[in-house]
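Student: My structure is stored as input_16.cif, with mmCIF, C-alpha atoms.
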```cif
data_target
#
loop_
_atom_site.label_atom_id
_atom_site.label_comp_id
_atom_site.auth_asym_id
_atom_site.auth_seq_id
_atom_site.Cartn_x
_atom_site.Cartn_y
_atom_site.Cartn_z
CA GLU A 10 19.39 13.79 213.60
CA ASN A 11 21.20 13.48 216.93
CA THR A 12 24.37 11.47 216.49
CA ASN A 13 26.37 12.64 219.50
CA CYS A 14 24.26 14.20 222.28
CA GLN A 15 23.82 11.80 225.20
CA ALA A 16 23.07 14.24 228.03
CA LEU A 17 20.65 17.15 228.14
CA TYR A 18 20.58 19.76 230.89
CA ILE A 19 17.63 22.13 230.82
CA GLN A 20 17.86 23.89 234.17
CA ASN A 21 16.19 27.16 235.15
CA PHE A 22 14.35 27.60 231.87
CA ASN A 23 11.19 28.72 233.64
CA LYS A 24 9.84 30.88 230.85
CA ALA A 25 10.86 28.48 228.08
CA MET A 26 9.94 25.07 229.53
CA LEU A 27 6.17 25.00 229.82
CA ASN A 28 3.69 22.15 229.43
CA ASP A 29 3.85 22.05 225.63
CA GLN A 30 7.64 22.14 225.62
CA MET A 31 7.91 19.32 228.15
CA LEU A 32 5.60 17.13 226.08
CA HIS A 33 7.56 17.98 222.93
CA LEU A 34 10.77 17.04 224.75
CA LEU A 35 9.15 13.73 225.70
CA ARG A 36 8.33 13.01 222.05
CA ILE A 37 11.95 13.72 221.09
CA LEU A 38 13.24 11.45 223.87
CA GLN A 39 10.88 8.70 222.67
CA SER A 40 12.33 8.74 219.17
CA PRO A 41 14.28 5.52 218.46
CA LYS A 42 17.10 7.68 217.04
CA CYS A 43 17.42 9.74 220.23
CA ARG A 44 20.62 8.92 222.12
CA ILE A 45 19.90 11.00 225.23
CA TRP A 46 20.13 8.90 228.37
CA CYS A 47 20.95 11.58 230.96
CA LEU A 48 18.41 14.35 231.61
CA ASN A 49 18.34 17.23 234.07
CA VAL A 50 15.16 19.32 234.09
CA GLY A 51 15.74 20.92 237.47
CA GLU A 52 14.13 24.16 238.55
CA THR A 53 11.37 23.90 235.95
CA TYR A 54 8.57 25.68 237.80
CA ASN A 55 5.95 26.32 235.12
CA VAL A 56 5.00 22.73 234.33
CA SER A 57 1.72 21.40 235.70
CA ASP A 58 1.35 18.25 237.79
CA LYS A 59 -0.69 16.74 234.95
CA THR A 60 2.19 17.28 232.48
CA TRP A 61 4.78 15.93 234.92
CA THR A 62 2.61 12.82 235.31
CA LYS A 63 2.40 12.38 231.52
CA PHE A 64 6.15 12.87 231.30
CA ALA A 65 6.75 10.20 233.93
CA LYS A 66 4.42 7.77 232.18
CA GLY A 67 6.04 8.36 228.78
CA LEU A 68 9.58 8.16 230.12
CA LYS A 69 9.42 4.36 230.00
CA HIS A 70 9.47 4.65 226.20
CA THR A 71 12.84 6.47 226.22
CA LYS A 72 16.48 5.59 226.84
CA VAL A 73 16.71 7.90 229.88
CA THR A 74 18.55 6.07 232.65
CA HIS A 75 19.70 9.01 234.79
CA MET A 76 17.70 12.09 235.62
CA TYR A 77 16.98 14.97 237.95
CA ALA A 78 13.87 17.07 238.42
CA SER A 79 13.60 19.42 241.38
CA GLU A 80 11.85 17.85 244.35
CA HIS A 81 10.01 21.10 245.03
CA THR A 82 8.40 21.01 241.55
CA ILE A 83 7.16 17.40 241.69
CA THR A 84 5.54 15.30 244.39
CA PRO A 85 7.56 12.69 246.32
CA MET A 86 5.36 9.99 244.75
CA LEU A 87 6.15 11.27 241.27
CA LYS A 88 9.87 11.37 242.06
CA GLU A 89 9.72 7.70 243.01
CA ARG A 90 7.85 6.93 239.81
CA PHE A 91 10.55 8.69 237.78
CA ARG A 92 13.26 6.80 239.63
CA ASP A 93 11.54 3.45 239.11
CA VAL A 94 11.21 4.08 235.37
CA ILE A 95 14.80 5.19 234.85
CA ARG A 96 16.10 2.19 236.82
CA LYS A 97 14.11 -0.13 234.55
CA ASN A 98 15.39 1.73 231.49
CA ARG A 99 18.98 0.79 232.42
CA VAL A 100 18.60 -2.58 230.70
CA LYS A 101 17.91 -0.88 227.35
CA HIS A 102 21.52 0.12 226.67
CA GLU A 103 24.97 0.26 228.24
CA LEU A 104 26.02 3.82 227.45
CA HIS A 105 25.81 4.66 231.18
CA ILE A 106 28.16 1.80 232.17
CA ASP A 107 30.37 1.46 229.10
CA PRO A 108 34.02 2.14 230.04
CA ASN A 109 34.55 3.42 226.49
CA ASN A 110 31.98 6.14 227.22
CA LEU A 111 33.68 7.53 230.35
CA ASP A 112 34.27 10.92 228.73
CA VAL A 113 30.48 11.40 228.71
CA ILE A 114 29.70 9.52 231.92
CA VAL A 115 31.96 11.69 234.08
CA ARG A 116 30.10 14.79 232.88
CA CYS A 117 26.69 13.41 233.84
CA THR A 118 26.36 14.91 237.30
CA HIS A 119 23.57 16.46 239.34
CA CYS A 120 21.24 13.51 238.85
CA TRP A 121 19.37 11.64 241.57
CA TRP A 122 22.04 9.01 241.08
CA ASN A 123 25.16 9.82 239.06
CA PRO A 124 26.30 7.13 236.62
CA ILE A 125 29.94 7.52 237.68
CA ASN A 126 28.94 5.69 240.88
CA ALA A 127 28.28 2.40 239.05
CA LYS A 128 30.38 -0.32 240.66
CA VAL A 129 31.23 -1.83 237.27
CA LEU A 130 33.00 1.41 236.28
CA GLN A 131 35.22 1.78 239.36
CA PRO A 132 38.19 -0.30 238.06
CA PHE A 133 38.16 1.59 234.75
CA ILE A 134 37.98 4.99 236.44
CA GLN A 135 41.11 4.21 238.43
CA ASN A 136 43.04 3.45 235.24
CA THR A 137 41.92 6.33 233.01
CA GLY A 138 43.00 9.53 234.70
CA TYR A 139 39.58 10.14 236.25
CA GLU A 140 40.50 8.65 239.62
CA GLN A 141 40.33 12.07 241.34
CA ILE A 142 36.57 11.82 240.78
CA LEU A 143 36.41 8.85 243.15
CA HIS A 144 37.22 11.26 246.00
CA ASP A 145 35.05 14.20 244.93
CA GLU A 146 31.73 14.04 246.83
CA THR A 147 30.17 16.79 244.72
CA THR A 148 30.92 15.08 241.40
CA LEU A 149 29.79 11.74 242.80
CA GLY A 150 26.55 13.35 243.93
CA LEU A 151 27.15 12.38 247.54
CA LYS A 152 27.52 15.82 249.12
CA GLY A 153 24.38 16.64 251.06
CA THR A 154 22.83 13.18 250.77
CA THR A 155 23.52 11.84 254.22
CA ASP A 156 20.24 9.98 254.64
CA GLY A 157 20.86 7.59 251.75
CA ARG A 158 17.77 8.59 249.75
CA ASN A 159 19.80 9.03 246.59
CA VAL A 160 21.69 5.77 246.92
CA ASP A 161 21.32 3.41 244.00
CA THR A 162 23.28 0.40 242.76
CA ILE A 163 24.28 -1.28 239.54
#
```
Take the structure from the file and write it as structure tokens.
Tutor:
Amino acid sequence: ENTNCQALYIQNFNKAMLNDQMLHLLRILQSPKCRIWCLNVGETYNVSDKTWTKFAKGLKHTKVTHMYASEHTITPMLKERFRDVIRKNRVKHELHIDPNNLDVIVRCTHCWWNPINAKVLQPFIQNTGYEQILHDETTLGLKGTTDGRNVDTI
């Protein structure tokens, strides 16, 4: 039983993350006991479009609120579907905006939108020793996103 893991990064697991594994991951994420809300499945090249579509459809039954999947492994339409689902999921819990969860939140980077950017967290970040993050474009997920495509708000 997962009592502490809130973020899962499965990057570059090309030979390990196949269709069956992605669907198994989805079932785990859909478990009511699962606490994972941040997911990075970047550079996962051996998953079919059909499986990615199933994953996107099933994601609405999870707590995932922040995510990244490589744009060159999914279609732009599927990326938007993922983003729509995870935005809607943000009403399911407050782990991604809870000031008491900053130790986890600050480590959730490399998503399409990093939770540290939430406006409601900014006053707490300034008072907790994490204020250097407010000036770090890489940690904030802003470096290289000059066209605003990854901009999101809470």
Student: Write out as a ChimeraX atom specification which residues come within 12 Å of region 84-97 of chain A when counting only C-alpha atoms, dropping same-chain ones fewer than 5 positions away.
Tutor: /A:46-48,57-79,102,105,120-122,124,158-163
Student: So how far away is CA of Arg116 (chain A) from CA of Glu140 (chain A), in Å?
Tutor: 13.8 Å
Student: Could you state the separation of CA of Ala16 (chain A) and CA of Asn136 (chain A) in Å, given to one decimal place?
Tutor: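 For CA of Ala16 (chain A) relative to CA of Asn136 (chain A), the distance reads 23.8 Å.
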Student: Decode the PyMOL selection byres ((chain A and resi 25) around 12) for the given file into explicit residues and return them as a compact mmCIF listing (two decimals) with C-alpha atoms, in the frame of the given file.
Tutor:
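Saved result, expr-v3.txt, follows:
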```
# COMPACT_ATOMS: atom_id res chain seq x y z
CA ILE A 19 17.63 22.13 230.82
CA GLN A 20 17.86 23.89 234.17
CA ASN A 21 16.19 27.16 235.15
CA PHE A 22 14.35 27.60 231.87
CA ASN A 23 11.19 28.72 233.64
CA LYS A 24 9.84 30.88 230.85
CA MET A 26 9.94 25.07 229.53
CA LEU A 27 6.17 25.00 229.82
CA ASN A 28 3.69 22.15 229.43
CA ASP A 29 3.85 22.05 225.63
CA GLN A 30 7.64 22.14 225.62
CA MET A 31 7.91 19.32 228.15
CA LEU A 34 10.77 17.04 224.75
CA VAL A 50 15.16 19.32 234.09
CA GLU A 52 14.13 24.16 238.55
CA THR A 53 11.37 23.90 235.95
CA TYR A 54 8.57 25.68 237.80
CA ASN A 55 5.95 26.32 235.12
CA VAL A 56 5.00 22.73 234.33
```
Student: So, counting all atoms listed in the file, which residue among A:Gln131, A:Gln39, A:Thr137, A:Gly51 is closest to Tyr18 (chain A)?
Tutor: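 Nearest to Tyr18 (chain A): A:Gly51.
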